[in-house]
>>> print(open('data17.cif').read())   # mmCIF, C-alpha atoms
data_model
loop_
_atom_site.label_atom_id
_atom_site.label_comp_id
_atom_site.auth_asym_id
_atom_site.auth_seq_id
_atom_site.Cartn_x
_atom_site.Cartn_y
_atom_site.Cartn_z
CA MET A 1 -12.84 -132.19 15.16
CA LEU A 2 -14.57 -128.79 15.33
CA ARG A 3 -14.74 -128.61 11.55
CA ASP A 4 -16.17 -132.12 11.32
CA PHE A 5 -18.86 -131.49 13.94
CA LEU A 6 -19.78 -128.19 12.28
CA ASP A 7 -20.03 -129.88 8.88
CA TYR A 8 -22.12 -132.68 10.42
CA HIS A 9 -24.64 -130.14 11.67
CA ARG A 10 -24.62 -128.24 8.38
CA GLY A 11 -25.37 -131.51 6.61
CA THR A 12 -28.14 -132.33 9.06
CA LEU A 13 -29.94 -129.08 8.23
CA VAL A 14 -29.71 -129.90 4.53
CA MET A 15 -31.02 -133.42 5.15
CA LYS A 16 -34.00 -132.08 7.10
CA CYS A 17 -35.02 -130.14 3.98
CA ASP A 18 -34.37 -132.86 1.40
CA GLY A 19 -37.27 -133.96 -0.75
CA LEU A 20 -39.64 -131.16 0.23
CA SER A 21 -41.34 -128.63 -2.04
CA ASP A 22 -40.93 -124.88 -1.58
CA ASP A 23 -44.44 -124.81 -0.08
CA ASP A 24 -43.48 -127.51 2.44
CA LEU A 25 -40.26 -125.66 3.30
CA ARG A 26 -42.28 -122.49 3.96
CA ARG A 27 -44.84 -124.28 6.14
CA ARG A 28 -44.98 -122.66 9.57
CA SER A 29 -44.91 -124.65 12.77
CA MET A 30 -47.90 -123.29 14.71
CA PRO A 31 -49.39 -119.87 15.45
CA PRO A 32 -48.11 -117.46 16.54
CA SER A 33 -44.69 -118.80 15.49
CA THR A 34 -43.54 -118.00 11.96
CA LEU A 35 -40.75 -120.57 12.15
CA CYS A 36 -40.27 -122.69 9.02
CA LEU A 37 -37.47 -124.74 7.48
CA LEU A 38 -36.60 -122.12 4.85
CA GLY A 39 -36.51 -119.50 7.58
CA LEU A 40 -33.98 -121.64 9.46
CA VAL A 41 -31.81 -122.02 6.36
CA ARG A 42 -31.91 -118.27 5.77
CA HIS A 43 -31.14 -117.59 9.44
CA MET A 44 -28.13 -119.91 9.36
CA ALA A 45 -26.83 -118.10 6.28
CA GLU A 46 -26.93 -114.91 8.35
CA VAL A 47 -25.24 -116.63 11.29
CA GLU A 48 -22.41 -117.96 9.10
CA ARG A 49 -21.98 -114.49 7.54
CA GLN A 50 -22.02 -112.70 10.91
CA TRP A 51 -19.54 -114.85 12.73
CA PHE A 52 -17.05 -115.80 10.05
CA ARG A 53 -17.09 -112.86 7.65
CA ARG A 54 -18.10 -109.93 9.82
CA VAL A 55 -16.45 -110.96 13.12
CA ILE A 56 -13.43 -113.13 12.27
CA ASN A 57 -12.64 -111.65 8.85
CA GLY A 58 -13.63 -108.09 9.83
CA GLU A 59 -15.65 -107.52 6.65
CA ASP A 60 -17.87 -104.42 6.66
CA ILE A 61 -20.85 -106.00 4.90
CA PRO A 62 -24.58 -106.03 5.65
CA LEU A 63 -26.54 -109.13 6.48
CA VAL A 64 -27.96 -111.03 3.51
CA TRP A 65 -31.62 -110.11 4.12
CA SER A 66 -31.32 -106.99 6.25
CA ALA A 67 -29.26 -103.90 5.55
CA ASP A 68 -29.93 -102.66 9.10
CA GLY A 69 -28.75 -105.80 10.92
CA ASP A 70 -32.13 -107.33 11.78
CA PHE A 71 -31.49 -111.07 12.12
CA GLN A 72 -35.24 -111.68 12.39
CA ALA A 73 -35.76 -110.61 8.76
CA ALA A 74 -34.27 -113.92 7.59
CA TYR A 75 -37.06 -115.86 9.29
CA ASP A 76 -39.66 -114.32 6.97
CA ALA A 77 -39.53 -116.92 4.23
CA SER A 78 -43.06 -116.25 2.96
CA SER A 79 -41.81 -115.54 -0.56
CA ALA A 80 -38.51 -117.46 -0.34
CA THR A 81 -37.56 -120.40 -2.50
CA ARG A 82 -35.31 -123.37 -1.87
CA ALA A 83 -32.99 -122.18 -4.65
CA GLU A 84 -32.63 -118.68 -3.21
CA ALA A 85 -32.23 -119.73 0.43
CA PHE A 86 -29.81 -122.57 -0.21
CA ALA A 87 -27.72 -120.58 -2.69
CA ALA A 88 -27.23 -117.85 -0.08
CA TRP A 89 -26.56 -120.38 2.67
CA GLN A 90 -24.07 -122.36 0.55
CA ALA A 91 -22.24 -119.17 -0.45
CA GLU A 92 -21.82 -118.25 3.22
CA VAL A 93 -20.73 -121.77 4.18
CA ASP A 94 -18.13 -121.66 1.38
CA GLN A 95 -16.82 -118.33 2.70
CA SER A 96 -16.75 -119.68 6.27
CA ARG A 97 -14.76 -122.71 5.18
CA ARG A 98 -12.32 -120.49 3.27
CA ILE A 99 -11.81 -118.19 6.26
CA LYS A 100 -11.22 -121.16 8.58
CA ARG A 101 -8.85 -122.79 6.08
CA GLU A 102 -6.81 -119.59 5.65
CA ALA A 103 -6.63 -118.76 9.35
CA ALA A 104 -3.20 -119.11 10.92
CA SER A 105 -4.77 -120.98 13.84
CA LEU A 106 -7.97 -121.33 15.84
CA ASP A 107 -6.57 -118.60 18.10
CA VAL A 108 -7.20 -115.91 15.46
CA THR A 109 -9.60 -113.36 16.93
CA GLY A 110 -12.26 -110.96 15.79
CA TYR A 111 -14.19 -108.26 17.59
CA VAL A 112 -17.85 -108.67 18.56
CA ALA A 113 -19.22 -105.15 19.00
CA GLY A 114 -22.37 -106.34 20.78
CA TRP A 115 -20.26 -108.13 23.38
CA GLY A 116 -17.52 -105.51 23.50
CA GLU A 117 -14.79 -108.13 23.27
CA ASP A 118 -12.62 -110.21 21.01
CA VAL A 119 -13.47 -113.85 20.35
CA SER A 120 -11.35 -116.62 18.88
CA LEU A 121 -12.11 -118.62 15.76
CA ARG A 122 -12.31 -121.62 18.10
CA LEU A 123 -15.13 -119.97 20.07
CA VAL A 124 -16.91 -119.03 16.83
CA MET A 125 -16.82 -122.63 15.66
CA PHE A 126 -18.15 -123.84 19.03
CA HIS A 127 -20.86 -121.21 18.86
CA LEU A 128 -21.94 -122.30 15.37
CA ILE A 129 -22.04 -125.96 16.41
CA HIS A 130 -24.34 -124.93 19.25
CA GLU A 131 -26.47 -122.75 16.97
CA TYR A 132 -26.87 -125.47 14.34
CA ALA A 133 -27.60 -128.14 16.95
CA ARG A 134 -30.35 -126.02 18.51
CA HIS A 135 -31.92 -125.16 15.18
CA ASN A 136 -31.60 -128.72 13.90
CA GLY A 137 -33.82 -129.69 16.83
CA HIS A 138 -36.35 -127.17 15.55
CA ALA A 139 -35.88 -128.53 12.02
CA ASP A 140 -36.54 -132.08 13.23
CA LEU A 141 -39.87 -131.03 14.74
CA LEU A 142 -40.80 -128.99 11.66
CA ARG A 143 -40.00 -131.88 9.34
CA GLU A 144 -41.96 -134.34 11.45
CA GLY A 145 -44.96 -132.03 11.25
CA ILE A 146 -44.73 -131.92 7.45
CA ASP A 147 -44.40 -135.59 6.56
CA GLY A 148 -43.57 -137.59 9.69
CA THR A 149 -39.85 -137.93 8.91
CA VAL A 150 -37.64 -137.95 12.02
CA GLY A 151 -34.02 -138.65 12.93
CA VAL A 152 -30.74 -138.20 11.12
#
>>> encode(input="data17.cif", output="structure tokens")
Amino acid sequence: MLRDFLDYHRGTLVMKCDGLSDDDLRRRSMPPSTLCLLGLVRHMAEVERQWFRRVINGEDIPLVWSADGDFQAAYDASSATRAEAFAAWQAEVDQSRRIKREAASLDVTGYVAGWGEDVSLRLVMFHLIHEYARHNGHADLLREGIDGTVGV
């Protein structure tokens, strides 16, 4: 059930971006916010990488767009393209799915340095569902502002 809900929210983010040009995907919501659909896709690539690869799998790798761990760097999509953002996001989703598939159970844990504690794969999946759901709400508003499209 967790996997299905997570995949539903992943698919929703993709749907919110379907049929738009790179310029549309880079369109910002309103000043002073720099939030845009491509920025959300890039951010979710970082989120997938952080929680599945760095926390659960214990990989010592930098973020995709920031060697010094700045999650905000992903939001700057001013020169990003659909191809670049979605390729990075899909690569991270593929890795996340592999890590989940190969895990002995949802009770597998990884260490979150910022929290100073171990977390289970189950908690990570819940966290990502929450993160996608919140950002899909942003994506819905962004998409409506671009061409009026709403809903799932």
>>> closest_residue(input="data17.cif", among="A:Asp22, A:Glu117, A:Asp68, A:Glu92", to="Met44 (chain A)", atoms="all atoms listed in the file")
A:Glu92
>>> atom_distance(input="data17.cif", atom1="CA of Leu13 (chain A)", atom2="CA of Val41 (chain A)")
7.5 Å
>>> resolve_selection(input="data17.cif", expression="the PyMOL selection byres ((chain A and resi 91) around 12)", output="CSV table (one decimal) with C-alpha atoms, keeping the file's coordinate frame")
chain,number,residue,atom,x,y,z
A,42,ARG,CA,-31.9,-118.3,5.8
A,44,MET,CA,-28.1,-119.9,9.4
A,45,ALA,CA,-26.8,-118.1,6.3
A,46,GLU,CA,-26.9,-114.9,8.4
A,48,GLU,CA,-22.4,-118.0,9.1
A,49,ARG,CA,-22.0,-114.5,7.5
A,53,ARG,CA,-17.1,-112.9,7.6
A,64,VAL,CA,-28.0,-111.0,3.5
A,83,ALA,CA,-33.0,-122.2,-4.6
A,84,GLU,CA,-32.6,-118.7,-3.2
A,85,ALA,CA,-32.2,-119.7,0.4
A,86,PHE,CA,-29.8,-122.6,-0.2
A,87,ALA,CA,-27.7,-120.6,-2.7
A,88,ALA,CA,-27.2,-117.8,-0.1
A,89,TRP,CA,-26.6,-120.4,2.7
A,90,GLN,CA,-24.1,-122.4,0.6
A,92,GLU,CA,-21.8,-118.2,3.2
A,93,VAL,CA,-20.7,-121.8,4.2
A,94,ASP,CA,-18.1,-121.7,1.4
A,95,GLN,CA,-16.8,-118.3,2.7
A,96,SER,CA,-16.8,-119.7,6.3
A,97,ARG,CA,-14.8,-122.7,5.2
A,98,ARG,CA,-12.3,-120.5,3.3
>>> closest_residue(input="data17.cif", among="A:Asp4, A:Asp70, A:Glu144, A:Asp107", to="Ile56 (chain A)", atoms="all atoms listed in the file")
A:Asp107
>>> residues_around(input="data17.cif", residues="Ala113 (chain A)", least_positions_apart="3", cutoff="12 Å", atoms="all atoms listed in the file", output="number ranges by chain")
A: 50-51, 54-56, 58, 110, 116-119
>>> atom_distance(input="data17.cif", atom1="CA of Asp147 (chain A)", atom2="CA of Ser79 (chain A)")
21.4 Å
>>> closest_atom_pairs(input="data17.cif", of="region 8-108 of chain A", to="region 125-143 of chain A", cutoff="10 Å", atoms="all atoms listed in the file", output="tab-separated table")
residue	atom	partner	partner_atom	distance
A:Tyr8	CA	A:Ile129	CA	9.0
A:His9	CA	A:Tyr132	CA	5.8
A:Arg10	CA	A:Tyr132	CA	6.9
A:Gly11	CA	A:Tyr132	CA	9.9
A:Thr12	CA	A:Asn136	CA	7.0
A:Leu13	CA	A:Asn136	CA	5.9
A:Val14	CA	A:Asn136	CA	9.6
A:Met15	CA	A:Ala139	CA	9.7
A:Lys16	CA	A:Ala139	CA	6.4
A:Cys17	CA	A:Arg143	CA	7.5
A:Asp18	CA	A:Arg143	CA	9.8
A:Leu20	CA	A:Arg143	CA	9.1
A:Asp24	CA	A:Arg143	CA	8.9
A:Leu25	CA	A:Arg143	CA	8.7
A:Arg27	CA	A:Leu142	CA	8.3
A:Arg28	CA	A:Leu142	CA	7.9
A:Ser29	CA	A:Leu142	CA	6.1
A:Met30	CA	A:Leu142	CA	9.6
A:Leu35	CA	A:Leu142	CA	8.4
A:Cys36	CA	A:Leu142	CA	6.9
A:Leu37	CA	A:Ala139	CA	6.1
A:Leu38	CA	A:Ala139	CA	9.6
A:Leu40	CA	A:His135	CA	7.0
A:Val41	CA	A:His135	CA	9.4
A:His43	CA	A:His135	CA	9.5
A:Met44	CA	A:Tyr132	CA	7.6
A:Val47	CA	A:Leu128	CA	7.7
A:Glu48	CA	A:Leu128	CA	7.6
A:Trp51	CA	A:Leu128	CA	8.3
A:Phe52	CA	A:Met125	CA	8.8
A:Ser96	CA	A:Met125	CA	9.8
A:Lys100	CA	A:Met125	CA	9.1
A:Leu106	CA	A:Met125	CA	8.9
>>> atom_distance(input="data17.cif", atom1="CA of Ser78 (chain A)", atom2="CA of Thr34 (chain A)")
9.2 Å
>>> closest_residue(input="data17.cif", among="A:Asn57, A:Ser21, A:Ser66, A:Thr149", to="Val108 (chain A)", atoms="all atoms listed in the file")
A:Asn57
>>> closest_residue(input="data17.cif", among="A:Pro32, A:Ala104, A:Asp60, A:Asp23", to="Ala80 (chain A)", atoms="all atoms listed in the file")
A:Asp23
